[in-house]
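S.K.: Here it is, the structure in full.
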Amino acid sequence: MTRQLRLRLRRPASYAREDLVRGPSNALAIATLDAWPAWPGGALALFGPAGSGKTHLAREWAHRVGALIMDRVVPDVASAVGRPVLIEDVDQGVDDEALFHLINMAGRDGAGLLLTAREAPTAWRAELPDLRSRLNALFVAEIEEPDDEVLEGVLRKFFRERSIRPPKEVYPYLLRRMERSIPCAREIVKRLDEAADDEQRPISRMLARQILEDDTENLDLFE
């Protein structure tokens with residue numbers, strides 16, 4: 001009998017509050033974002049490692065407050081007058097003068113500025129001395145690497161999006177062995193789903209072990 005191929009519908013990323021998985025690693029950052037517009041100077045730098053959930057938090061804030069999501073490569077300072085602004089990945093480079101003006105504008109009525117990055121603003125490149133002093137004084141919130149509560153929550157979310165209900169023992173098995181990042185959790189769920197489909201097997205701890213061992217073997221090839 002020919003195996004029926006399943007139709008894959010790619011869902012757009014959701015940054016809704018109800019899809020936000022909370023845990024100790026992001027609790028303080030969430031509380032700080034919720035304190036807007038009471039940020040000192042109207043600006044906040046949200047930083048944390050890749051795959052820790054910065055974009056979800058930042059986009060949820062932007063949607064909630066009606067912020068302009070600004071292109072960091074070509075920042076339009078004039079469009080930011082009197083409204084909150086989000087710029088992501090600031091540590092990858094933003095025009096010094098534009099960033100300086102945006103920080104200065106953030107404290108005005110109706111304005112605000114959320115900047116995201118992997119590192120704290122004290123580590124960002126800045127040629128302008130005045131910008132350097134502004135960055136060093138920015139109000140900050142840090143997201144730590146996802147803890148078990150967050151990782152299990154996102155694993156459950158990604159399985160649920162694929163209409164999969166794995167046995168409960170799969171979760172602690174994965175949490176003890178997987179890379180601690182949200183993109184990794186998404187990729188593991190995707191690979192488990194595809195392997196279960198290809199091999200016509202249910203998702204189980206044994207299949208999870210197979211997927212993780214394959215990852216280890218592939219890494220060994222490059223050592």
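Ligands are numbered from 1 in the order shown, chains are lettered A, B, ... in the order of the structure tokens, and residues start at 1 in each chain.
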Which residues of region 137-196 of chain A have any atom within 12 Å of an atom in region 55-76 of chain A when counting only C-alpha atoms, and what is the closest pair of atoms for each, with the distance in Å to one decimal? Order the rows by chain and rising number and write it as CSV.
M.R.:
```
residue,atom,partner,partner_atom,distance
A:Ala141,CA,A:Leu57,CA,11.4
A:Glu142,CA,A:Leu57,CA,11.6
A:Ile143,CA,A:Leu57,CA,9.9
A:Ile182,CA,A:His56,CA,10.9
A:Pro183,CA,A:Thr55,CA,12.0
```
S.K.: Write out the residues from the selection above, keeping N, CA and C atoms, as a compact mmCIF listing (two decimals), in the first residue's frame.
M.R.:
```txt
# COMPACT_ATOMS: atom_id res chain seq x y z
N ALA A 141 16.67 44.97 30.39
CA ALA A 141 16.02 43.76 30.88
C ALA A 141 16.68 42.58 30.17
N GLU A 142 17.05 41.59 30.93
CA GLU A 142 17.76 40.43 30.36
C GLU A 142 16.86 39.20 30.35
N ILE A 143 16.87 38.48 29.23
CA ILE A 143 16.26 37.15 29.16
C ILE A 143 17.40 36.14 29.25
N ILE A 182 14.92 27.83 21.95
CA ILE A 182 13.59 27.66 21.37
C ILE A 182 13.66 27.20 19.92
N PRO A 183 14.57 27.74 19.08
CA PRO A 183 14.69 27.20 17.72
C PRO A 183 15.04 25.71 17.69
```
S.K.: Any chance you could list, as an MDAnalysis selection string, the residues in region 13-204 of chain A that come up helix (DSSP H, G or I) when DSSP is run on the backbone?
M.R.: chainID A and resid 17:19 27:34 40:42 54:65 77:80 90:92 96:105 121:123 129:136 148:161 170:177 182:199
S.K.: Which polymer residues have any atom within 9 Å of an atom of Ala185 (chain A), counting only C-alpha atoms, with same-chain residues fewer than 2 positions away left out, as an MDAnalysis selection string?
M.R.: chainID A and resid 151:152 154:155 158 174 178:183 187:190
S.K.: Counting only C-alpha atoms, which residues of region 72-150 of chain A sit at most 10 Å from some atom of region 20-30 of chain A, and what is each one's closest atom pair with its distance in Å to one decimal, listed by chain and rising residue number, as a Markdown table?
M.R.:
```
| residue | atom | partner | partner_atom | distance |
| --- | --- | --- | --- | --- |
| A:Val140 | CA | A:Ala29 | CA | 8.8 |
| A:Ala141 | CA | A:Ala29 | CA | 5.3 |
| A:Glu142 | CA | A:Ala29 | CA | 6.1 |
| A:Ile143 | CA | A:Asn26 | CA | 5.2 |
| A:Glu144 | CA | A:Ser25 | CA | 5.0 |
| A:Glu145 | CA | A:Ser25 | CA | 6.5 |
| A:Pro146 | CA | A:Ser25 | CA | 5.7 |
| A:Asp147 | CA | A:Ser25 | CA | 5.8 |
| A:Asp148 | CA | A:Gly23 | CA | 8.2 |
| A:Glu149 | CA | A:Gly23 | CA | 5.5 |
| A:Val150 | CA | A:Gly23 | CA | 5.3 |
```
S.K.: As a VMD selection string, please: the residues near Arg134 (chain A) (cut-off 10 Å, only C-alpha atoms, same-chain neighbours under 6 positions excluded).
M.R.: chain A and resid 99 to 100 103 to 104 121 to 122 128
S.K.: Quick one: write out the picked residues with C-alpha atoms as an mmCIF file, in the first residue's frame?
M.R.:
```
data_model
loop_
_atom_site.group_PDB
_atom_site.id
_atom_site.type_symbol
_atom_site.label_atom_id
_atom_site.label_comp_id
_atom_site.auth_asym_id
_atom_site.auth_seq_id
_atom_site.Cartn_x
_atom_site.Cartn_y
_atom_site.Cartn_z
ATOM 1 C CA LEU A 99 20.074 55.767 17.372
ATOM 2 C CA PHE A 100 21.224 58.773 19.406
ATOM 3 C CA ILE A 103 16.993 57.494 22.426
ATOM 4 C CA ASN A 104 16.624 61.218 23.041
ATOM 5 C CA PRO A 121 24.083 47.860 25.411
ATOM 6 C CA THR A 122 27.389 48.486 27.197
ATOM 7 C CA LEU A 128 29.788 58.893 18.927
#
```
S.K.: Which one is closest to Ser204 (chain A): A:Val77, A:Val170, A:Ala38, A:Cys184? Count only C-alpha atoms.
M.R.: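 So, comparing all the options, the nearest one is A:Val170.
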S.K.: As a PyMOL selection string, please: the residues near Ile211 (chain A) (cut-off 9 Å, only C-alpha atoms, same-chain neighbours under 5 positions excluded).
M.R.: chain A and resi 188+191-192+195+206+216
S.K.: Taking into account only C-alpha atoms, which residue in the set A:Leu46, A:Leu33, A:Ala208, A:Val90 is nearest to Leu138 (chain A)?
M.R.: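 When distances to Leu138 (chain A) are compared using only C-alpha atoms, the smallest one comes from A:Leu46.
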S.K.: Pick out the closest residue to Arg156 (chain A) from this set: A:Leu135, A:Asp19, A:Ala117, A:Glu127. Count only C-alpha atoms.
M.R.: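 Smallest distance to Arg156 (chain A) is found for A:Asp19.
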S.K.: Which value, in Å to one decimal, gives the distance between CA of Arg162 (chain A) and CA of Arg205 (chain A)?
M.R.: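 Distance between the two atoms: 17.8 Å.
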